[in-house]
$ cat entry.cif   # mmCIF, N, CA and C atoms
data_final
#
loop_
_atom_site.label_atom_id
_atom_site.label_comp_id
_atom_site.auth_asym_id
_atom_site.auth_seq_id
_atom_site.Cartn_x
_atom_site.Cartn_y
_atom_site.Cartn_z
N MET A 753 -17.70 49.01 210.97
CA MET A 753 -18.65 48.02 211.40
C MET A 753 -18.01 46.64 211.36
N LYS A 754 -18.28 45.84 212.34
CA LYS A 754 -17.82 44.46 212.35
C LYS A 754 -18.71 43.65 211.41
N THR A 755 -18.14 43.03 210.42
CA THR A 755 -18.90 42.21 209.49
C THR A 755 -19.27 40.91 210.17
N PRO A 756 -20.55 40.51 210.11
CA PRO A 756 -20.96 39.27 210.75
C PRO A 756 -20.30 38.05 210.13
N LEU A 757 -20.24 36.99 210.89
CA LEU A 757 -19.70 35.73 210.40
C LEU A 757 -20.76 35.02 209.56
N TYR A 758 -20.31 34.14 208.66
CA TYR A 758 -21.24 33.38 207.84
C TYR A 758 -21.83 32.26 208.67
N PRO A 759 -23.09 31.87 208.56
CA PRO A 759 -24.08 32.46 207.68
C PRO A 759 -24.63 33.76 208.28
N GLN A 760 -25.18 34.59 207.45
CA GLN A 760 -25.67 35.88 207.89
C GLN A 760 -27.17 36.00 207.73
N SER A 761 -27.72 36.93 208.48
CA SER A 761 -29.14 37.24 208.38
C SER A 761 -29.30 38.75 208.44
N ILE A 762 -30.36 39.22 207.83
CA ILE A 762 -30.64 40.65 207.83
C ILE A 762 -32.13 40.86 208.04
N ILE A 763 -32.45 41.81 208.90
CA ILE A 763 -33.84 42.16 209.20
C ILE A 763 -34.06 43.58 208.69
N PHE A 764 -35.01 43.73 207.78
CA PHE A 764 -35.37 45.04 207.26
C PHE A 764 -36.69 45.51 207.86
N ASP A 765 -36.75 46.79 208.16
CA ASP A 765 -38.03 47.46 208.41
C ASP A 765 -38.70 47.58 207.03
N PHE A 766 -40.01 47.67 207.00
CA PHE A 766 -40.69 47.80 205.70
C PHE A 766 -41.00 49.25 205.35
N ASN A 767 -41.88 49.86 206.15
CA ASN A 767 -42.36 51.20 205.83
C ASN A 767 -41.26 52.25 205.97
N ARG A 768 -40.99 52.96 204.92
CA ARG A 768 -39.98 54.01 204.83
C ARG A 768 -38.55 53.48 204.80
N THR A 769 -38.38 52.17 204.75
CA THR A 769 -37.06 51.58 204.53
C THR A 769 -37.08 50.84 203.19
N LEU A 770 -38.00 49.91 203.03
CA LEU A 770 -38.15 49.21 201.75
C LEU A 770 -39.26 49.82 200.89
N TYR A 771 -40.22 50.46 201.55
CA TYR A 771 -41.40 50.99 200.86
C TYR A 771 -41.64 52.43 201.28
N ASN A 772 -41.94 53.29 200.30
CA ASN A 772 -42.20 54.70 200.57
C ASN A 772 -43.70 54.94 200.51
N PRO A 773 -44.36 55.18 201.66
CA PRO A 773 -45.81 55.37 201.65
C PRO A 773 -46.25 56.69 201.00
N GLU A 774 -45.35 57.66 200.93
CA GLU A 774 -45.70 58.92 200.30
C GLU A 774 -45.84 58.78 198.78
N THR A 775 -45.03 57.91 198.18
CA THR A 775 -45.09 57.70 196.73
C THR A 775 -45.78 56.38 196.36
N ASN A 776 -46.16 55.60 197.37
CA ASN A 776 -46.76 54.29 197.15
C ASN A 776 -45.91 53.42 196.24
N SER A 777 -44.61 53.42 196.51
CA SER A 777 -43.70 52.62 195.69
C SER A 777 -42.53 52.12 196.54
N LEU A 778 -41.84 51.12 196.03
CA LEU A 778 -40.66 50.63 196.73
C LEU A 778 -39.58 51.70 196.73
N GLU A 779 -38.79 51.71 197.78
CA GLU A 779 -37.64 52.60 197.85
C GLU A 779 -36.64 52.18 196.77
N PRO A 780 -35.93 53.14 196.17
CA PRO A 780 -34.90 52.77 195.20
C PRO A 780 -33.88 51.80 195.83
N GLY A 781 -33.61 50.72 195.14
CA GLY A 781 -32.65 49.73 195.62
C GLY A 781 -33.23 48.66 196.52
N ALA A 782 -34.50 48.76 196.90
CA ALA A 782 -35.08 47.78 197.83
C ALA A 782 -35.05 46.37 197.26
N GLU A 783 -35.58 46.20 196.07
CA GLU A 783 -35.59 44.86 195.47
C GLU A 783 -34.17 44.37 195.21
N GLU A 784 -33.32 45.25 194.72
CA GLU A 784 -31.92 44.88 194.45
C GLU A 784 -31.22 44.38 195.71
N MET A 785 -31.44 45.05 196.85
CA MET A 785 -30.76 44.65 198.08
C MET A 785 -31.31 43.34 198.64
N ILE A 786 -32.61 43.15 198.56
CA ILE A 786 -33.18 41.88 199.02
C ILE A 786 -32.56 40.74 198.21
N LEU A 787 -32.52 40.89 196.90
CA LEU A 787 -31.94 39.85 196.04
C LEU A 787 -30.44 39.70 196.28
N TYR A 788 -29.75 40.79 196.50
CA TYR A 788 -28.31 40.75 196.77
C TYR A 788 -28.02 39.86 197.98
N PHE A 789 -28.74 40.07 199.07
CA PHE A 789 -28.49 39.28 200.28
C PHE A 789 -29.00 37.84 200.12
N TYR A 790 -30.15 37.68 199.52
CA TYR A 790 -30.70 36.33 199.30
C TYR A 790 -29.73 35.49 198.46
N ASN A 791 -29.22 36.07 197.38
CA ASN A 791 -28.31 35.34 196.49
C ASN A 791 -26.95 35.06 197.14
N ARG A 792 -26.62 35.75 198.20
CA ARG A 792 -25.38 35.49 198.94
C ARG A 792 -25.61 34.48 200.07
N GLY A 793 -26.81 33.93 200.14
CA GLY A 793 -27.11 32.92 201.14
C GLY A 793 -27.58 33.46 202.48
N TRP A 794 -27.88 34.75 202.54
CA TRP A 794 -28.37 35.33 203.78
C TRP A 794 -29.84 34.98 203.98
N LYS A 795 -30.27 34.91 205.22
CA LYS A 795 -31.68 34.77 205.55
C LYS A 795 -32.23 36.19 205.70
N VAL A 796 -33.28 36.49 204.92
CA VAL A 796 -33.80 37.86 204.85
C VAL A 796 -35.18 37.90 205.51
N TYR A 797 -35.34 38.86 206.43
CA TYR A 797 -36.57 39.02 207.20
C TYR A 797 -37.10 40.45 207.04
N VAL A 798 -38.41 40.59 207.26
CA VAL A 798 -39.04 41.90 207.34
C VAL A 798 -39.86 41.94 208.63
N VAL A 799 -39.66 43.01 209.40
CA VAL A 799 -40.48 43.28 210.57
C VAL A 799 -41.16 44.61 210.31
N ALA A 800 -42.49 44.60 210.34
CA ALA A 800 -43.25 45.80 209.98
C ALA A 800 -44.33 46.11 211.01
N LYS A 801 -44.57 47.39 211.16
CA LYS A 801 -45.69 47.84 211.99
C LYS A 801 -46.95 47.66 211.16
N SER A 802 -47.99 47.13 211.80
CA SER A 802 -49.22 46.86 211.05
C SER A 802 -49.88 48.16 210.60
N GLY A 803 -50.57 48.06 209.53
CA GLY A 803 -51.34 49.14 208.94
C GLY A 803 -52.31 48.49 207.98
N GLU A 804 -53.26 49.24 207.52
CA GLU A 804 -54.28 48.67 206.65
C GLU A 804 -53.65 48.02 205.43
N GLY A 805 -53.84 46.71 205.31
CA GLY A 805 -53.34 45.97 204.15
C GLY A 805 -51.83 45.78 204.11
N ARG A 806 -51.14 46.06 205.20
CA ARG A 806 -49.67 46.01 205.18
C ARG A 806 -49.14 44.62 204.83
N GLU A 807 -49.67 43.59 205.45
CA GLU A 807 -49.17 42.24 205.18
C GLU A 807 -49.38 41.85 203.71
N GLU A 808 -50.55 42.18 203.18
CA GLU A 808 -50.83 41.89 201.77
C GLU A 808 -49.91 42.69 200.85
N MET A 809 -49.64 43.94 201.24
CA MET A 809 -48.75 44.79 200.46
C MET A 809 -47.35 44.17 200.37
N ILE A 810 -46.86 43.67 201.49
CA ILE A 810 -45.54 43.04 201.52
C ILE A 810 -45.54 41.79 200.64
N GLN A 811 -46.60 41.00 200.73
CA GLN A 811 -46.68 39.76 199.95
C GLN A 811 -46.78 40.02 198.45
N ARG A 812 -47.22 41.23 198.05
CA ARG A 812 -47.32 41.58 196.62
C ARG A 812 -46.03 42.16 196.06
N THR A 813 -45.03 42.39 196.90
CA THR A 813 -43.78 42.96 196.38
C THR A 813 -43.05 41.92 195.54
N PRO A 814 -42.23 42.37 194.60
CA PRO A 814 -41.49 41.41 193.78
C PRO A 814 -40.46 40.60 194.57
N PHE A 815 -40.10 41.06 195.76
CA PHE A 815 -39.11 40.33 196.56
C PHE A 815 -39.73 39.42 197.62
N ALA A 816 -41.06 39.38 197.72
CA ALA A 816 -41.72 38.56 198.74
C ALA A 816 -41.26 37.09 198.73
N PRO A 817 -41.04 36.46 197.55
CA PRO A 817 -40.61 35.05 197.57
C PRO A 817 -39.23 34.83 198.21
N TYR A 818 -38.46 35.89 198.37
CA TYR A 818 -37.10 35.76 198.90
C TYR A 818 -37.03 36.03 200.40
N LEU A 819 -38.17 36.38 201.00
CA LEU A 819 -38.21 36.65 202.43
C LEU A 819 -38.45 35.35 203.18
N ARG A 820 -37.60 35.10 204.15
CA ARG A 820 -37.75 33.88 204.94
C ARG A 820 -38.95 33.99 205.88
N LYS A 821 -39.15 35.18 206.42
CA LYS A 821 -40.25 35.38 207.36
C LYS A 821 -40.63 36.85 207.37
N VAL A 822 -41.93 37.12 207.53
CA VAL A 822 -42.44 38.47 207.66
C VAL A 822 -43.23 38.53 208.96
N ILE A 823 -42.92 39.51 209.78
CA ILE A 823 -43.66 39.72 211.03
C ILE A 823 -44.30 41.09 210.95
N VAL A 824 -45.64 41.11 211.06
CA VAL A 824 -46.40 42.36 211.07
C VAL A 824 -47.12 42.42 212.41
N ALA A 825 -46.88 43.50 213.16
CA ALA A 825 -47.46 43.63 214.50
C ALA A 825 -47.86 45.09 214.75
N PRO A 826 -48.76 45.32 215.71
CA PRO A 826 -49.20 46.69 216.00
C PRO A 826 -48.05 47.63 216.38
N THR A 827 -47.04 47.08 217.01
CA THR A 827 -45.84 47.84 217.34
C THR A 827 -44.65 46.90 217.26
N LYS A 828 -43.50 47.43 216.90
CA LYS A 828 -42.30 46.58 216.82
C LYS A 828 -41.79 46.31 218.21
N ARG A 829 -41.53 45.04 218.48
CA ARG A 829 -41.10 44.63 219.81
C ARG A 829 -39.82 43.82 219.74
N VAL A 830 -39.11 43.79 220.83
CA VAL A 830 -37.89 42.98 220.94
C VAL A 830 -38.20 41.54 220.55
N GLU A 831 -39.35 41.04 220.97
CA GLU A 831 -39.73 39.65 220.71
C GLU A 831 -39.80 39.35 219.21
N ASP A 832 -40.21 40.33 218.41
CA ASP A 832 -40.31 40.13 216.96
C ASP A 832 -38.93 39.93 216.34
N PHE A 833 -37.98 40.74 216.78
CA PHE A 833 -36.61 40.63 216.27
C PHE A 833 -35.94 39.36 216.77
N ARG A 834 -36.24 39.00 218.02
CA ARG A 834 -35.70 37.76 218.57
C ARG A 834 -36.27 36.54 217.84
N ALA A 835 -37.54 36.62 217.41
CA ALA A 835 -38.16 35.52 216.66
C ALA A 835 -37.42 35.31 215.33
N CYS A 836 -37.01 36.39 214.70
CA CYS A 836 -36.23 36.27 213.46
C CYS A 836 -34.89 35.60 213.76
N ALA A 837 -34.24 36.02 214.84
CA ALA A 837 -32.95 35.45 215.23
C ALA A 837 -33.09 33.97 215.55
N ASP A 838 -34.16 33.62 216.27
CA ASP A 838 -34.38 32.21 216.60
C ASP A 838 -34.58 31.38 215.33
N ASP A 839 -35.34 31.94 214.39
CA ASP A 839 -35.56 31.25 213.12
C ASP A 839 -34.25 31.09 212.34
N ALA A 840 -33.41 32.12 212.40
CA ALA A 840 -32.13 32.08 211.68
C ALA A 840 -31.17 31.09 212.33
N GLY A 841 -31.32 30.86 213.63
CA GLY A 841 -30.47 29.91 214.33
C GLY A 841 -29.03 30.38 214.44
N MET A 842 -28.85 31.66 214.67
CA MET A 842 -27.49 32.18 214.79
C MET A 842 -27.40 33.19 215.92
N PRO A 843 -26.18 33.48 216.36
CA PRO A 843 -26.01 34.45 217.44
C PRO A 843 -26.56 35.83 217.04
N LEU A 844 -27.09 36.51 218.02
CA LEU A 844 -27.68 37.84 217.77
C LEU A 844 -26.68 38.80 217.13
N GLU A 845 -25.41 38.70 217.54
CA GLU A 845 -24.41 39.64 217.02
C GLU A 845 -24.06 39.39 215.56
N ASP A 846 -24.55 38.30 214.98
CA ASP A 846 -24.31 38.00 213.57
C ASP A 846 -25.49 38.39 212.68
N ILE A 847 -26.39 39.19 213.23
CA ILE A 847 -27.59 39.62 212.49
C ILE A 847 -27.55 41.14 212.33
N VAL A 848 -27.95 41.60 211.16
CA VAL A 848 -27.97 43.03 210.84
C VAL A 848 -29.42 43.50 210.81
N VAL A 849 -29.66 44.68 211.39
CA VAL A 849 -30.98 45.31 211.35
C VAL A 849 -30.85 46.61 210.54
N VAL A 850 -31.75 46.80 209.56
CA VAL A 850 -31.77 48.02 208.75
C VAL A 850 -33.13 48.68 208.93
N GLY A 851 -33.10 49.94 209.38
CA GLY A 851 -34.36 50.66 209.58
C GLY A 851 -34.17 52.15 209.53
N ASP A 852 -35.29 52.87 209.43
CA ASP A 852 -35.25 54.32 209.31
C ASP A 852 -35.48 55.04 210.64
N ARG A 853 -35.71 54.31 211.72
CA ARG A 853 -35.99 54.94 213.01
C ARG A 853 -34.97 54.54 214.06
N VAL A 854 -34.24 55.52 214.58
CA VAL A 854 -33.29 55.21 215.66
C VAL A 854 -34.03 54.86 216.93
N LYS A 855 -35.24 55.35 217.09
CA LYS A 855 -36.02 55.12 218.31
C LYS A 855 -36.83 53.83 218.25
N SER A 856 -36.73 53.11 217.16
CA SER A 856 -37.48 51.86 217.00
C SER A 856 -36.54 50.72 216.61
N GLU A 857 -36.36 50.51 215.30
CA GLU A 857 -35.55 49.37 214.84
C GLU A 857 -34.11 49.41 215.35
N ILE A 858 -33.50 50.59 215.31
CA ILE A 858 -32.10 50.70 215.74
C ILE A 858 -31.98 50.41 217.23
N ARG A 859 -32.87 51.00 218.03
CA ARG A 859 -32.84 50.78 219.48
C ARG A 859 -33.05 49.30 219.81
N ILE A 860 -34.01 48.66 219.17
CA ILE A 860 -34.28 47.24 219.44
C ILE A 860 -33.08 46.39 219.02
N GLY A 861 -32.54 46.66 217.84
CA GLY A 861 -31.36 45.92 217.39
C GLY A 861 -30.20 46.06 218.36
N LYS A 862 -29.97 47.28 218.84
CA LYS A 862 -28.88 47.51 219.79
C LYS A 862 -29.14 46.80 221.12
N GLN A 863 -30.39 46.82 221.58
CA GLN A 863 -30.74 46.12 222.82
C GLN A 863 -30.38 44.64 222.74
N LEU A 864 -30.55 44.06 221.56
CA LEU A 864 -30.29 42.64 221.38
C LEU A 864 -28.84 42.34 221.00
N GLY A 865 -28.04 43.38 220.79
CA GLY A 865 -26.64 43.16 220.42
C GLY A 865 -26.43 42.90 218.94
N MET A 866 -27.44 43.24 218.13
CA MET A 866 -27.33 43.07 216.68
C MET A 866 -26.56 44.25 216.09
N LEU A 867 -26.09 44.09 214.87
CA LEU A 867 -25.47 45.18 214.14
C LEU A 867 -26.59 46.03 213.55
N THR A 868 -26.45 47.35 213.60
CA THR A 868 -27.55 48.21 213.17
C THR A 868 -27.10 49.19 212.08
N VAL A 869 -28.02 49.39 211.13
CA VAL A 869 -27.78 50.33 210.03
C VAL A 869 -29.00 51.25 209.94
N TRP A 870 -28.75 52.53 210.12
CA TRP A 870 -29.82 53.54 210.04
C TRP A 870 -29.93 54.01 208.61
N TYR A 871 -31.10 53.81 208.01
CA TYR A 871 -31.40 54.32 206.67
C TYR A 871 -31.92 55.75 206.89
N ARG A 872 -31.02 56.69 206.87
CA ARG A 872 -31.32 58.07 207.25
C ARG A 872 -31.84 58.83 206.02
N LYS A 873 -33.14 58.68 205.81
CA LYS A 873 -33.78 59.29 204.65
C LYS A 873 -35.25 59.47 204.97
N GLY A 874 -35.83 60.51 204.42
CA GLY A 874 -37.27 60.68 204.55
C GLY A 874 -37.71 61.30 205.86
N LYS A 875 -38.90 60.92 206.28
CA LYS A 875 -39.60 61.52 207.41
C LYS A 875 -38.79 61.56 208.71
N PHE A 876 -37.99 60.52 208.97
CA PHE A 876 -37.27 60.45 210.24
C PHE A 876 -35.76 60.69 210.11
N ALA A 877 -35.36 61.32 209.02
CA ALA A 877 -33.93 61.57 208.78
C ALA A 877 -33.32 62.49 209.83
N ASP A 878 -34.13 63.35 210.43
CA ASP A 878 -33.63 64.28 211.44
C ASP A 878 -33.84 63.79 212.87
N GLU A 879 -34.32 62.58 213.03
CA GLU A 879 -34.55 62.01 214.36
C GLU A 879 -33.20 61.59 214.94
N GLU A 880 -32.68 62.38 215.84
CA GLU A 880 -31.35 62.13 216.41
C GLU A 880 -31.41 61.11 217.55
N PRO A 881 -30.37 60.31 217.69
CA PRO A 881 -30.31 59.38 218.83
C PRO A 881 -30.23 60.16 220.15
N ASP A 882 -30.95 59.67 221.15
CA ASP A 882 -30.94 60.29 222.48
C ASP A 882 -30.06 59.54 223.47
N SER A 883 -29.61 58.35 223.07
CA SER A 883 -28.80 57.55 223.98
C SER A 883 -27.90 56.62 223.17
N PRO A 884 -26.91 56.03 223.81
CA PRO A 884 -26.05 55.07 223.10
C PRO A 884 -26.84 53.90 222.50
N MET A 885 -27.98 53.55 223.10
CA MET A 885 -28.81 52.46 222.58
C MET A 885 -29.50 52.82 221.27
N GLU A 886 -29.44 54.09 220.89
CA GLU A 886 -30.04 54.52 219.63
C GLU A 886 -28.98 54.91 218.60
N GLU A 887 -27.71 54.73 218.94
CA GLU A 887 -26.61 55.05 218.03
C GLU A 887 -26.39 53.88 217.07
N PRO A 888 -26.59 54.08 215.77
CA PRO A 888 -26.41 52.98 214.82
C PRO A 888 -24.93 52.67 214.61
N ASP A 889 -24.65 51.45 214.16
CA ASP A 889 -23.27 51.08 213.81
C ASP A 889 -22.87 51.73 212.49
N GLU A 890 -23.82 51.89 211.59
CA GLU A 890 -23.58 52.52 210.29
C GLU A 890 -24.78 53.38 209.93
N ILE A 891 -24.54 54.37 209.08
CA ILE A 891 -25.60 55.24 208.56
C ILE A 891 -25.50 55.24 207.04
N ILE A 892 -26.66 55.04 206.39
CA ILE A 892 -26.71 55.10 204.93
C ILE A 892 -27.84 56.04 204.51
N THR A 893 -27.75 56.56 203.30
CA THR A 893 -28.84 57.36 202.74
C THR A 893 -29.35 56.75 201.44
N ASP A 894 -28.75 55.63 201.06
CA ASP A 894 -29.13 54.89 199.85
C ASP A 894 -29.00 53.41 200.21
N LEU A 895 -30.06 52.64 199.98
CA LEU A 895 -30.02 51.22 200.36
C LEU A 895 -28.85 50.47 199.71
N CYS A 896 -28.49 50.85 198.50
CA CYS A 896 -27.40 50.15 197.81
C CYS A 896 -26.05 50.34 198.50
N GLU A 897 -25.95 51.30 199.41
CA GLU A 897 -24.72 51.48 200.18
C GLU A 897 -24.42 50.26 201.07
N LEU A 898 -25.43 49.45 201.34
CA LEU A 898 -25.22 48.25 202.16
C LEU A 898 -24.14 47.35 201.57
N LYS A 899 -24.05 47.33 200.25
CA LYS A 899 -23.05 46.50 199.58
C LYS A 899 -21.62 46.95 199.88
N ASN A 900 -21.45 48.19 200.32
CA ASN A 900 -20.12 48.72 200.59
C ASN A 900 -19.47 48.10 201.82
N PHE A 901 -20.27 47.58 202.75
CA PHE A 901 -19.68 47.05 203.97
C PHE A 901 -20.27 45.73 204.44
N LEU A 902 -21.23 45.18 203.72
CA LEU A 902 -21.78 43.87 204.10
C LEU A 902 -21.57 42.87 202.97
#
$ encode --input "entry.cif" --output "structure tokens"
Amino acid sequence: MKTPLYPQSIIFDFNRTLYNPETNSLEPGAEEMILYFYNRGWKVYVVAKSGEGREEMIQRTPFAPYLRKVIVAPTKRVEDFRACADDAGMPLEDIVVVGDRVKSEIRIGKQLGMLTVWYRKGKFADEEPDSPMEEPDEIITDLCELKNFL
């Protein structure tokens, strides 16, 4: 993976990437990774699909104060990821997207020319890419693996 230039930004999916709805708890390493990037001067974003109480749930996480912006929408759209990039004020190729769906976050990140990391765990771990636009730049099964290359 090409490491982005400084300053960096990272966009995380929430459900099944930072938060596990089956256990009603944060994914292992979620808080650690948010703090890791925040403390390195990265701008940290969350883009989430809306659900009952989703925005409030995100705001109650221990890492909420470290998020620069949270976007919650009925469906994830290119515009939501572009809004994070505009806020970050940096080229799209210098932004990393981390998500559990190749057909959603990874595809959108690739469409915009962002670096993509597939968190291949849980419900969508077997969801295979159907096109080059769904092929992630990196694949992880543990959020803390992000430290290995970012």
$ residues_around --input "entry.cif" --residues "A:Glu808" --least-positions-apart "5" --cutoff "12 Å" --atoms "only C-alpha atoms" --output "PyMOL selection string"
chain A and resi 800+802-803+813+816+822-824
$ closest_residue --input "entry.cif" --among "A:Glu774, A:Glu784, A:Asp765, A:Asp878" --to "A:Leu895" --atoms "only C-alpha atoms"
A:Glu784
$ resolve_selection --input "entry.cif" --expression "the PyMOL selection byres ((chain A and resi 796) around 8)" --output "VMD selection string"
chain A and resid 760 to 764 786 789 to 790 793 to 795 797 to 799 818 to 822
$ residues_around --input "entry.cif" --residues "A:Asn767" --least-positions-apart "4" --cutoff "6.5 Å" --atoms "only N, CA and C atoms" --output "list in words"
Tyr771, Asn772, Pro773, Ala800 and Lys801 of chain A
$ residues_around --input "entry.cif" --residues "stretch 845-855 of chain A" --least-positions-apart "6" --cutoff "10 Å" --atoms "only C-alpha atoms" --output "number ranges by chain"
A: 754-770, 794-799, 833, 836-837, 861-862, 864-883, 885-893, 895, 898, 902
$ select_by_dssp --input "entry.cif" --residues "stretch 780-810 of chain A" --states "alpha helix (DSSP H)" --output "mmCIF file with N, CA and C atoms, in the coordinates of the input"
data_model
loop_
_atom_site.group_PDB
_atom_site.id
_atom_site.type_symbol
_atom_site.label_atom_id
_atom_site.label_comp_id
_atom_site.auth_asym_id
_atom_site.auth_seq_id
_atom_site.Cartn_x
_atom_site.Cartn_y
_atom_site.Cartn_z
ATOM 1 N N ALA A 782 -34.500 48.760 196.900
ATOM 2 C CA ALA A 782 -35.080 47.780 197.830
ATOM 3 C C ALA A 782 -35.050 46.370 197.260
ATOM 4 N N GLU A 783 -35.580 46.200 196.070
ATOM 5 C CA GLU A 783 -35.590 44.860 195.470
ATOM 6 C C GLU A 783 -34.170 44.370 195.210
ATOM 7 N N GLU A 784 -33.320 45.250 194.720
ATOM 8 C CA GLU A 784 -31.920 44.880 194.450
ATOM 9 C C GLU A 784 -31.220 44.380 195.710
ATOM 10 N N MET A 785 -31.440 45.050 196.850
ATOM 11 C CA MET A 785 -30.760 44.650 198.080
ATOM 12 C C MET A 785 -31.310 43.340 198.640
ATOM 13 N N ILE A 786 -32.610 43.150 198.560
ATOM 14 C CA ILE A 786 -33.180 41.880 199.020
ATOM 15 C C ILE A 786 -32.560 40.740 198.210
ATOM 16 N N LEU A 787 -32.520 40.890 196.900
ATOM 17 C CA LEU A 787 -31.940 39.850 196.040
ATOM 18 C C LEU A 787 -30.440 39.700 196.280
ATOM 19 N N TYR A 788 -29.750 40.790 196.500
ATOM 20 C CA TYR A 788 -28.310 40.750 196.770
ATOM 21 C C TYR A 788 -28.020 39.860 197.980
ATOM 22 N N PHE A 789 -28.740 40.070 199.070
ATOM 23 C CA PHE A 789 -28.490 39.280 200.280
ATOM 24 C C PHE A 789 -29.000 37.840 200.120
ATOM 25 N N TYR A 790 -30.150 37.680 199.520
ATOM 26 C CA TYR A 790 -30.700 36.330 199.300
ATOM 27 C C TYR A 790 -29.730 35.490 198.460
ATOM 28 N N ASN A 791 -29.220 36.070 197.380
ATOM 29 C CA ASN A 791 -28.310 35.340 196.490
ATOM 30 C C ASN A 791 -26.950 35.060 197.140
ATOM 31 N N ARG A 806 -51.140 46.060 205.200
ATOM 32 C CA ARG A 806 -49.670 46.010 205.180
ATOM 33 C C ARG A 806 -49.140 44.620 204.830
ATOM 34 N N GLU A 807 -49.670 43.590 205.450
ATOM 35 C CA GLU A 807 -49.170 42.240 205.180
ATOM 36 C C GLU A 807 -49.380 41.850 203.710
ATOM 37 N N GLU A 808 -50.550 42.180 203.180
ATOM 38 C CA GLU A 808 -50.830 41.890 201.770
ATOM 39 C C GLU A 808 -49.910 42.690 200.850
ATOM 40 N N MET A 809 -49.640 43.940 201.240
ATOM 41 C CA MET A 809 -48.750 44.790 200.460
ATOM 42 C C MET A 809 -47.350 44.170 200.370
ATOM 43 N N ILE A 810 -46.860 43.670 201.490
ATOM 44 C CA ILE A 810 -45.540 43.040 201.520
ATOM 45 C C ILE A 810 -45.540 41.790 200.640
#
$ axis_aligned_box --input "entry.cif" --around "stretch 846-864 of chain A" --padding-each-side "5 Å" --output "AutoDock Vina command-line options"
--center_x -30.9 --center_y 46.8 --center_z 215.8 --size_x 23.2 --size_y 27.5 --size_z 24.1
$ select_by_dssp --input "entry.cif" --residues "chain A" --states "strand (DSSP E or B)" --output "PyMOL selection string"
chain A and resi 761-765+767+771-772+777-778+795-801+821-825+847-851+867-871+890-892
$ closest_residue --input "entry.cif" --among "A:Cys896, A:Ser856, A:Gln863, A:Phe901" --to "A:Met785" --atoms "only N, CA and C atoms"
A:Cys896
